[in-house]
Structures are given as C-alpha cells and as structure tokens.
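These notes concern the structure reproduced below.
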Amino acid sequence: MIRLLKIAYRVFALSFYRDNMTLFVLVIGLGGGFMSGREHMALAQFFVSSPILLLVPVAVWIVYTLKISGHNTAMLKRSENTFLFDTIILPKSKQWILIGSIAFAQFAPAFFYALFLVAVAVGTQQMDSALQVAGYSLVLYWLIAFHLLYLLRHPNPDKKISTLVRLVNRSFRRPYFLLRLEWILRKQTWTFIGTKTFGVLLLLGTLLLYTTDDYDYRILAMTLAIISSIHAQLVYELHRFDNFHFSLVRQLPLSFLKRISSTCGTIAWMLVPEIIILFKFFPLTLPATIMLEGFFFMMGLAVCFYGYLYRRDLGTESAMRKVFLVSMVLIVIILFEVPLWLLATMSIAAGFYWMNKYYYWFEYEAETSSE
Amino acid sequence: MLKIKGFTKSYSGNQVLKIDNLDLGAGLYWVQGDNGSGKTTFFRSMAGLLPCQGHVGFSDGVGLHQTPVKYRMLVNYAEAEPIYPGFLTALDLLSFVGQAKRAPQGQITSLIKNFGIAPYANNPCETYSSGMLKKLSLAISFLGSPRMILLDEPIITLDAGAKAVLFDLINKFLQKKDTLIFVSSHQEIKDDLAIHQTFRIRNKNLEPA
C-alpha cells in the first residue's frame with residue numbers, strides 16, 4: 001500500500017506541483033514577499049467579514065479544484081499510467097485512503113489557507129463564516145476525490161460527439177493556420193487566456209497613459225516588446241505542434257513561402273486582441289505610422305523566435321531564458337530611439353533566415369522526452 | 001530509380017545507420033531487423049522527417065536535400081504507431097494531406113471506402129482505436145502519385161479485411177512498375193506480396209538479407 005501511495009503521489013501530486021511551479025512561485029512571491037503578516041491578517045478579516053466577500057477565496061479554490069481535476073484527467077489519459085486503473089481491485093477502504101491522500105496532497109495549499117481563515121473567523125467571533133469556509137473547502141476536497149475515483153472506475157469512457165461538432169466536422173475543413181490556433185487553445189487554454197489578458201491589459205494601460213502626458217513612441221515600443229516576450233510560450237507551443245505533435249507536416253511538399261506565410265497567419269490571428277486595442281486606443285499624439293510599425297514589431301519578434309527555435313532543440317526553460325535576455329536588450333535599444341520599423345524588419349529577416357536554413361535539419365534531441 | 005550514396009544518420013554524434021551505396025529499381029523491398037536496429041530511423045530519414053547526411057534521390061535528379069519540396073511530393077510514409085492531433089477528423093487529415101500531395105479527384109473517397117473509414121471519417125481522431133488510426137495512416141500514405149512509399153510495420157493492429165485491402169493496394173501500385181515500396185514487418189508477408197528483395201539492418205548497416 002505504501003509503495004502504491006508513493007507511486008500515486010508521484011503521478012498525480014508531484015507532477016501537479018511540478019507542472020504549476022511558476023504559479024506557486026508567483027503566489028509565494030506575492031504572498032511572502034509583498035505582503036506583511038499584518039496585511040495578511042487584514043485581508044483574511046476582510047474576506048470573513050461577509051458571505052459575499054468570502055466568495056473571493058472560494059472562487060479561487062474552485063479554479064484551483066478545476067485545475068487539479070484537469071491535471072488528474074490528463075495524467076490518466078497517458079498510456080504509461082494505465083496501470084493505475086488496477087487500483088479499483090483494492091478493497092474499498094484502501095481505495096479511499098489512496099484517493100483521499102492524493103486529493104489532500106493536491107488540495108493542501110487551499111486547505112491550509114482555509115484553516116487560516118477559519119482561525120481568523122473564530123478569533124473575530126464570526127462562526128458563520130468559519131463554518132462556511134470549512135464547508136466550502138471540504139466540499140471541494142471531496143469533489144476532487146470523487147472525480148478521481150470516477151476516473152479510476154471508468155477507464156474507457158465512451159467519447160460522445162455532439163451533433164454540433166459532427167455538423168461542423170462535416171461541413172467545414174480547418175485551414176492549417178486555424179488548426180494550429182485551435183491546438184494551442186485546446187492544449188494551452190490557461191496559458192493562452194493568461195497571455196491574452198495580460199497583453200491586452202498592459203497595452204491598454206500604456207495607451208491610456210498617453211492621454212495624461214506627451215510621451216514619445218518608446219513607452220509603447222517597450223510595452224510591445226514585453227507583450228511579445230510573454231507570447232514566447234505560445235510561439236514555442238506552435239513550433240512544438242508543427243514539429244512534434246503534427247510532425248506529418250514536415251513530410252508534406254510545402255514550399256518555404258507556404259510554411260512561413262501560414263506561420264505568419266497563425267501569429268497574426270493570435271495577436272488579434274492586441275491589434276484591436278492598438279488600433280482603437282492609439283494616441284493621437286503619436287504618428288499613425290507607429291501603429292503599423294508596432295504591429296509589424298510584434299509580428300517580427302514572434303516570427304524571429306519561431307525561426308530561432310529551428311536552430312536546435314531548446315528546452316522550454318532555456319528558450320524562455322533567451323527570450324528574457326533578448327527583451328532586456330530590446331528595451332535598452334528602444335531607449336536609444338532605434339526606429340521600430342528597423343527592429344521589425346531585422347526580426348522578420350532573422351526569423352525567415354533561420355527557418356529557411358534550419359527547417360529540414362531540425363530534430364528533437366530526445367524525441368520521446370515530451371508530454 | 002532510387003539512389004542512396006554515403007548515407008549516414010547520427011543521434012547526438014553517435015552514428016546509428018550507414019548505407020554506402022544502394023541503387024534500387026521499382027518493386028517491393030522488405031526491411032527486416034531486430035527491435036531498435038534502426039528500421040524506423042531509416043524510414044523516417046527516407047521520408048524527410050529526420051535530418052540525415054549523404055545523397056538520397058531519384059534518378060531524374062529529385063533529391064531529399066537538393067529538391068526537398070519535390071522529393072516530399074513523391075515520397076509517402078505510414079508510421080508504425082501513428083498519432084494525430086485528437087480533434088482532427090480522418091477527413092480533415094485526408095483532405096489536408098491530399099491537397100498538399102495533389103491527390104487526383106476521387107482518390108480520397110476511394111481510399112475511405114476501401115479501408116472502411118467512412119463510418120468514422122467525421123469523428124475526431126481521439127475517439128479512434130489503434131486499428132482505426134492505422135487504417136487512416138495507411139490511407140494517407142497512398143495519397144497523390146507517390147514514387148516511393150514507406151510502410152513501417154503496416155499490418156500490426158489491422159483486421160483481416162483491411163490487411164487484404166492493403167495487400168491489394170500494394171500489388172496495384174507494383175503493377176504500375178514505377179513505384180518503390182519499402183515495408184518493414186516482423187510478420188511473414190512473403191505469401192501475400194511479391195517481394196523483390198529483402199534487406200536486413202545489421203550492425204548499423206542496411207545489407208541484403
């Protein structure tokens with residue numbers, strides 16, 4: 001039993017924390033670095049002061065629960081984990097110990113914060129809030145456990161295809177650039193939503209800044225450089241789709257022009273929210289050409305990174321480190337008033353060059369090392 | 001028809017396959033080898049999915065490195081264990097590849113019918129069994145007007161009906177006498193197919209068996 005527990009911990013809990021390391025580091029950084037103990041206390045008292053405000057941490061826990069359940073589903077879809085379905089032959093009590101322990105290990109951060117809220121509520125004589133916090137966290141904990149149990153007891157659920165999906169599939173053939181976007185949206189949903197939200201808000205905030213004073217184009221250019229750098233993860237996924245998940249494309253007789261234009265098309269679609277914001281809130285104090293230059297600058301950086309990835313197989317961490325360094329250098333270059341059109345042209349040229357030179361020579365060093 | 005000269009394939013500097021000189025005409029070639037000997041590496045390199053060194057090309061000058069787009073138009077490949085993005089349907093994939101390979105009118109419909117793909121052609125791949133995926137992969141490998149077809153373990157997971165369709169298709173292509181087909185298989189195929197020559201990958205070399 002202990003051995004099985006250890007394996008299950010590794011498959012479900014450890015992998016969950018590993019996959020979401022950035023999120024946890026961010027939360028710990030925000031919680032531990034920016035807020036003092038007194039501020040934590042004040043925030044907790046604020047939450048437990050009314051049932052409506054209590055819904056704020058509960059909403060976060062719900063999102064966290066969904067994330068855990070999504071992770072568990074993904075883990076059990078992997079062929080190397082099919083042996084875990086055999087756990088249903090264990091006695092029921094042992095099944096519950098196993099599942100309860102995993103769910104607790106995964107939900108622990110939320111549980112500990114719930115305990116803290118309960119303590120604060122009891123300390124301030126708000127017993128209703130204390131009971132509500134305990135109730136919500138227990139319900140969510142049980143939901144994770146029940147969901148995992150359900151998954152383990154239904155190893156091969158019939159995939160039902162809705163009539164709408166059937167109709168779409170029958171009447172519409174996906175063009176390649178859209179197909180890649182769909183892949184990213186399906187497989188990297190949260191990264192996509194997060195990137196887009198952050199990009200749009202940052203751009204909007206910067207553009208609104210221009211209504212308060214007479215700034216030149218450099219603040220906007222630096223913002224666009226930051227937005228491009230946070231898109232690097234999506235571009236990385238795009239490259240991975242083209243060369244790993246759908247490597248069949250590498251075998252197709254597509255010219256360089258077709259491949260690169262399709263890539264540019266996908267990237268342009270990806271940038272649609274930022275483009276809309278840029279056009280709609282573009283400051284009148286800046287020359288209109290900057291708008292166009294800004295668009296090509298974002299496109300150029302994405303194409304440049306996509307092309308660069310063909311030089312050799314880079315892991316995510318190594319690739320992102322390079323992106324971070326390049327963004328810092330870019331910001332410095334922008335401060336020296338290097339025109340955006342020049343940076344955009346150079347980026348696009350570099351991307352095209354790398355892709356053209358290395359496309360057929362690219363291979364993953366460890367083809368099985370993913371997903 | 002197919003010329004291979006000074007071919008080498010390495011992973012991280014370690015050579016895993018070497019072919020000094022090979023000149024092959026149209027026909028069916030059976031590639032044998034133990035697990036891990038390099039059959040799939042050979043197939044994937046020939047298909048242009050893995051980079052390799054040396055000359056691989058047809059007698060009319062179309063080559064893997066010299067004319068990569070034209071070469072890919074003439075070479076088709078079916079993986080041993082095909083995997084496709086789960087949300088794509090068989091029809092999505094067949095249309096997409098068919099368009100790129102300039103499949104003649106009616107070829108996709110005929111392949112769908114022959115391999116019995118029609119009942120699930122509009123369903124996403126993630127709902128397919130391994131046999132259904134295999135049929136789709138094989139159908140894709142016959143699209144267009146290939147000069148070389150690489151079939152990596154084509155009969156594993158296939159039902160008897162699909163196996164007969166596959167053998168029939170291979171024989172039809174062979175009758176045209178302008179196609180070269182490589183097949184790797186651990187199963188016996190001599191009784192069903194007219195094998196021109198058998199090769200074996202031994203000590204990182206492709207040599208006649």
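Residue names in the structure tokens use chain letters A, B, ... in the order shown, residue numbers from 1 in each chain, and ligand numbers from 1 in the order shown.
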Find the nearest atom pair between each residue of chain B and chain A for residues within 8 Å, count only C-alpha atoms, give distances in Å to one decimal, sort rows by chain and ascending number, and present the table as a Markdown table.
| residue | atom | partner | partner_atom | distance |
| --- | --- | --- | --- | --- |
| B:Tyr11 | CA | A:Glu365 | CA | 7.3 |
| B:Ser12 | CA | A:Glu365 | CA | 7.0 |
| B:Ala47 | CA | A:Gln251 | CA | 6.5 |
| B:Gly48 | CA | A:Gln251 | CA | 5.9 |
| B:Leu49 | CA | A:Gln251 | CA | 5.9 |
| B:Leu50 | CA | A:Glu363 | CA | 6.4 |
| B:Pro51 | CA | A:Trp361 | CA | 5.0 |
| B:Cys52 | CA | A:Trp361 | CA | 7.9 |
| B:Pro68 | CA | A:Pro253 | CA | 7.6 |
| B:Val69 | CA | A:Pro253 | CA | 4.5 |
| B:Lys70 | CA | A:Pro253 | CA | 6.4 |
| B:Tyr71 | CA | A:Pro253 | CA | 7.5 |
| B:Arg72 | CA | A:Pro253 | CA | 4.8 |
| B:Met73 | CA | A:Pro253 | CA | 5.0 |
| B:Asn76 | CA | A:Gln251 | CA | 7.8 |
| B:Ile83 | CA | A:His245 | CA | 7.8 |
| B:Tyr84 | CA | A:Phe246 | CA | 6.2 |
| B:Pro85 | CA | A:Phe246 | CA | 6.6 |
| B:Thr89 | CA | A:Asn169 | CA | 7.2 |
| B:Asp92 | CA | A:Arg173 | CA | 5.8 |
| B:Ser95 | CA | A:Arg173 | CA | 7.9 |
| B:Val97 | CA | A:Leu252 | CA | 7.2 |
| B:Ala100 | CA | A:Pro253 | CA | 6.2 |
| B:Lys101 | CA | A:Pro253 | CA | 6.7 |
| B:Asn122 | CA | A:Asn169 | CA | 5.7 |
| B:Asn123 | CA | A:Arg166 | CA | 6.9 |
| B:Thr127 | CA | A:Lys159 | CA | 6.2 |
Can you list, as a ChimeraX atom specification, every residue of region 31-113 of chain B that DSSP puts in helix (DSSP H, G or I)?
/B:39-47,68-74,90-100,107-113
Expected file contents, prior selection, C-alpha atoms, as a short mmCIF file (atom, residue, chain, number, x, y, z; two decimals), in the first residue's frame:
data_model
loop_
_atom_site.label_atom_id
_atom_site.label_comp_id
_atom_site.auth_asym_id
_atom_site.auth_seq_id
_atom_site.Cartn_x
_atom_site.Cartn_y
_atom_site.Cartn_z
CA LYS B 39 14.29 0.43 -39.21
CA THR B 40 12.10 3.36 -38.19
CA THR B 41 15.09 5.72 -38.24
CA PHE B 42 15.79 4.57 -41.81
CA PHE B 43 12.15 5.06 -42.84
CA ARG B 44 11.84 8.46 -41.16
CA SER B 45 15.09 9.63 -42.72
CA MET B 46 13.98 8.49 -46.17
CA ALA B 47 10.66 10.27 -45.65
CA PRO B 68 13.14 18.89 -50.68
CA VAL B 69 9.67 20.01 -51.77
CA LYS B 70 9.58 17.94 -55.00
CA TYR B 71 11.05 14.95 -53.12
CA ARG B 72 8.32 15.11 -50.49
CA MET B 73 5.72 15.19 -53.23
CA LEU B 74 6.96 11.79 -54.41
CA ALA B 90 -9.98 11.49 -40.74
CA LEU B 91 -11.50 13.69 -43.44
CA ASP B 92 -9.60 16.76 -42.14
CA LEU B 93 -6.34 14.86 -42.39
CA LEU B 94 -7.03 13.18 -45.72
CA SER B 95 -8.13 16.48 -47.28
CA PHE B 96 -5.16 18.35 -45.86
CA VAL B 97 -2.56 15.83 -47.00
CA GLY B 98 -4.46 15.14 -50.24
CA GLN B 99 -4.36 18.83 -51.11
CA ALA B 100 -0.63 19.07 -50.40
CA GLN B 107 -8.77 9.20 -54.64
CA ILE B 108 -9.73 10.21 -51.10
CA THR B 109 -13.26 8.83 -51.48
CA SER B 110 -11.93 5.59 -52.89
CA LEU B 111 -9.37 5.14 -50.07
CA ILE B 112 -12.03 5.91 -47.44
CA LYS B 113 -14.31 3.31 -48.99
#
So which bits of region 52-207 of chain B end up strand (DSSP E) when you DSSP the backbone, as an MDAnalysis selection string?
chainID B and resid 53:58 75:78 148:152 180:184 197:202 205:207
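Going from CA of Leu340 (chain A) to CA of Ile290 (chain A) covers 7.6 Å.
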Write out as a PyMOL selection string each polymer residue whose atoms come within 10 Å of Lys280 (chain A), counting only C-alpha atoms; drop sequence neighbours fewer than 4 positions from it.
chain A and resi 204+207+274-276
Any chance you could export the current selection's C-alpha atoms as a compact mmCIF listing (two decimals), in the first residue's frame?
# COMPACT_ATOMS: atom_id res chain seq x y z
CA LEU A 204 -4.49 49.29 -22.72
CA LEU A 207 -2.09 53.57 -24.33
CA GLU A 274 -3.73 43.35 -29.07
CA ILE A 275 -4.18 44.66 -32.63
CA ILE A 276 -7.76 45.74 -31.85
Would you pick out the contacts of region 48-59 of chain A at 8 Å or less, using only C-alpha atoms, so that residues sharing its chain but fewer than 2 positions from it are not included, and give the list as an NGL selection string?
:A and (44-46 or 61-63 or 117 or 120-121 or 126 or 129-130 or 133 or 136-137)
Find the distance between CA of Leu2 (chain B) and CA of Tyr358 (chain A) and write it in Å to one decimal.
25.1 Å
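Of note, CA of Ile155 (chain B) and CA of Leu24 (chain B) are spaced 23.8 Å apart.
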Within 12 Å of Leu202 (chain A), counting only C-alpha atoms, which residues show up once you throw out same-chain ones fewer than 5 positions away? Write them as an mmCIF file with N, CA and C atoms, in the first residue's frame, please.
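What follows is the written file around.cif:
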data_model
loop_
_atom_site.group_PDB
_atom_site.id
_atom_site.type_symbol
_atom_site.label_atom_id
_atom_site.label_comp_id
_atom_site.auth_asym_id
_atom_site.auth_seq_id
_atom_site.Cartn_x
_atom_site.Cartn_y
_atom_site.Cartn_z
ATOM 1 N N GLY A 194 -4.264 33.617 -20.066
ATOM 2 C CA GLY A 194 -3.399 34.458 -19.235
ATOM 3 C C GLY A 194 -2.579 35.424 -20.080
ATOM 4 N N THR A 195 -1.978 34.896 -21.148
ATOM 5 C CA THR A 195 -1.146 35.731 -22.027
ATOM 6 C C THR A 195 -1.978 36.847 -22.646
ATOM 7 N N LYS A 196 -3.151 36.479 -23.132
ATOM 8 C CA LYS A 196 -4.003 37.465 -23.801
ATOM 9 C C LYS A 196 -4.493 38.529 -22.812
ATOM 10 N N THR A 197 -4.920 38.091 -21.632
ATOM 11 C CA THR A 197 -5.422 39.043 -20.633
ATOM 12 C C THR A 197 -4.317 40.018 -20.246
ATOM 13 N N LEU A 207 -1.472 52.622 -23.396
ATOM 14 C CA LEU A 207 -2.085 53.574 -24.333
ATOM 15 C C LEU A 207 -2.851 54.663 -23.590
ATOM 16 N N LEU A 208 -3.465 54.289 -22.458
ATOM 17 C CA LEU A 208 -4.204 55.297 -21.676
ATOM 18 C C LEU A 208 -3.244 56.285 -21.009
ATOM 19 N N LEU A 209 -2.024 55.806 -20.792
ATOM 20 C CA LEU A 209 -1.000 56.673 -20.195
ATOM 21 C C LEU A 209 -0.732 57.885 -21.094
ATOM 22 N N ILE A 219 7.670 54.369 -24.938
ATOM 23 C CA ILE A 219 6.949 53.613 -23.886
ATOM 24 C C ILE A 219 6.092 52.531 -24.539
ATOM 25 N N LEU A 220 5.421 52.925 -25.624
ATOM 26 C CA LEU A 220 4.591 51.946 -26.343
ATOM 27 C C LEU A 220 5.477 50.821 -26.894
ATOM 28 N N MET A 222 8.322 49.719 -25.784
ATOM 29 C CA MET A 222 8.792 48.828 -24.706
ATOM 30 C C MET A 222 7.664 47.889 -24.269
ATOM 31 N N THR A 223 6.454 48.431 -24.204
ATOM 32 C CA THR A 223 5.304 47.587 -23.849
ATOM 33 C C THR A 223 5.126 46.481 -24.888
ATOM 34 N N LEU A 224 5.243 46.845 -26.169
ATOM 35 C CA LEU A 224 5.081 45.836 -27.224
ATOM 36 C C LEU A 224 6.169 44.766 -27.128
ATOM 37 N N ALA A 225 7.370 45.175 -26.731
ATOM 38 C CA ALA A 225 8.461 44.200 -26.560
ATOM 39 C C ALA A 225 8.122 43.235 -25.417
ATOM 40 N N ILE A 226 7.559 43.777 -24.334
ATOM 41 C CA ILE A 226 7.188 42.912 -23.194
ATOM 42 C C ILE A 226 6.056 41.967 -23.608
ATOM 43 N N ILE A 227 5.066 42.516 -24.322
ATOM 44 C CA ILE A 227 3.937 41.676 -24.770
ATOM 45 C C ILE A 227 4.462 40.553 -25.683
ATOM 46 N N SER A 228 5.366 40.890 -26.571
ATOM 47 C CA SER A 228 5.931 39.857 -27.465
ATOM 48 C C SER A 228 6.661 38.796 -26.662
ATOM 49 N N ILE A 230 6.038 37.823 -23.626
ATOM 50 C CA ILE A 230 5.134 36.892 -22.915
ATOM 51 C C ILE A 230 4.406 35.967 -23.904
ATOM 52 N N PRO A 273 -6.432 40.330 -30.466
ATOM 53 C CA PRO A 273 -6.883 41.198 -29.366
ATOM 54 C C PRO A 273 -5.986 42.424 -29.170
ATOM 55 N N GLU A 274 -4.667 42.224 -29.237
ATOM 56 C CA GLU A 274 -3.730 43.349 -29.070
ATOM 57 C C GLU A 274 -3.864 44.326 -30.233
ATOM 58 N N ILE A 277 -6.898 46.521 -29.708
ATOM 59 C CA ILE A 277 -6.641 47.543 -28.679
ATOM 60 C C ILE A 277 -5.719 48.628 -29.229
ATOM 61 N N LEU A 278 -4.691 48.209 -29.958
ATOM 62 C CA LEU A 278 -3.722 49.168 -30.511
ATOM 63 C C LEU A 278 -4.410 50.151 -31.464
#
Which residues, written as a VMD selection string, have at least one atom at most 9 Å from region 161-164 of chain B, with only C-alpha atoms counted and residues fewer than 5 positions away on the same chain left out?
chain B and resid 114 to 116 135 154 to 155 169 192
Quick one: which region 33-121 of chain A residues come within 7 Å of region 142-148 of chain A, and what is the nearest atom pair for each with the distance in Å to one decimal, counting only C-alpha atoms, rows ordered by chain and ascending number, as a tab-separated table?
residue	atom	partner	partner_atom	distance
A:Thr65	CA	A:Ile144	CA	6.6
A:Ser69	CA	A:Ile144	CA	6.2
A:Asn72	CA	A:Leu148	CA	6.9
A:Ile99	CA	A:Ala145	CA	5.8
A:Gly100	CA	A:Ala145	CA	5.9
A:Ala103	CA	A:Ala145	CA	5.4
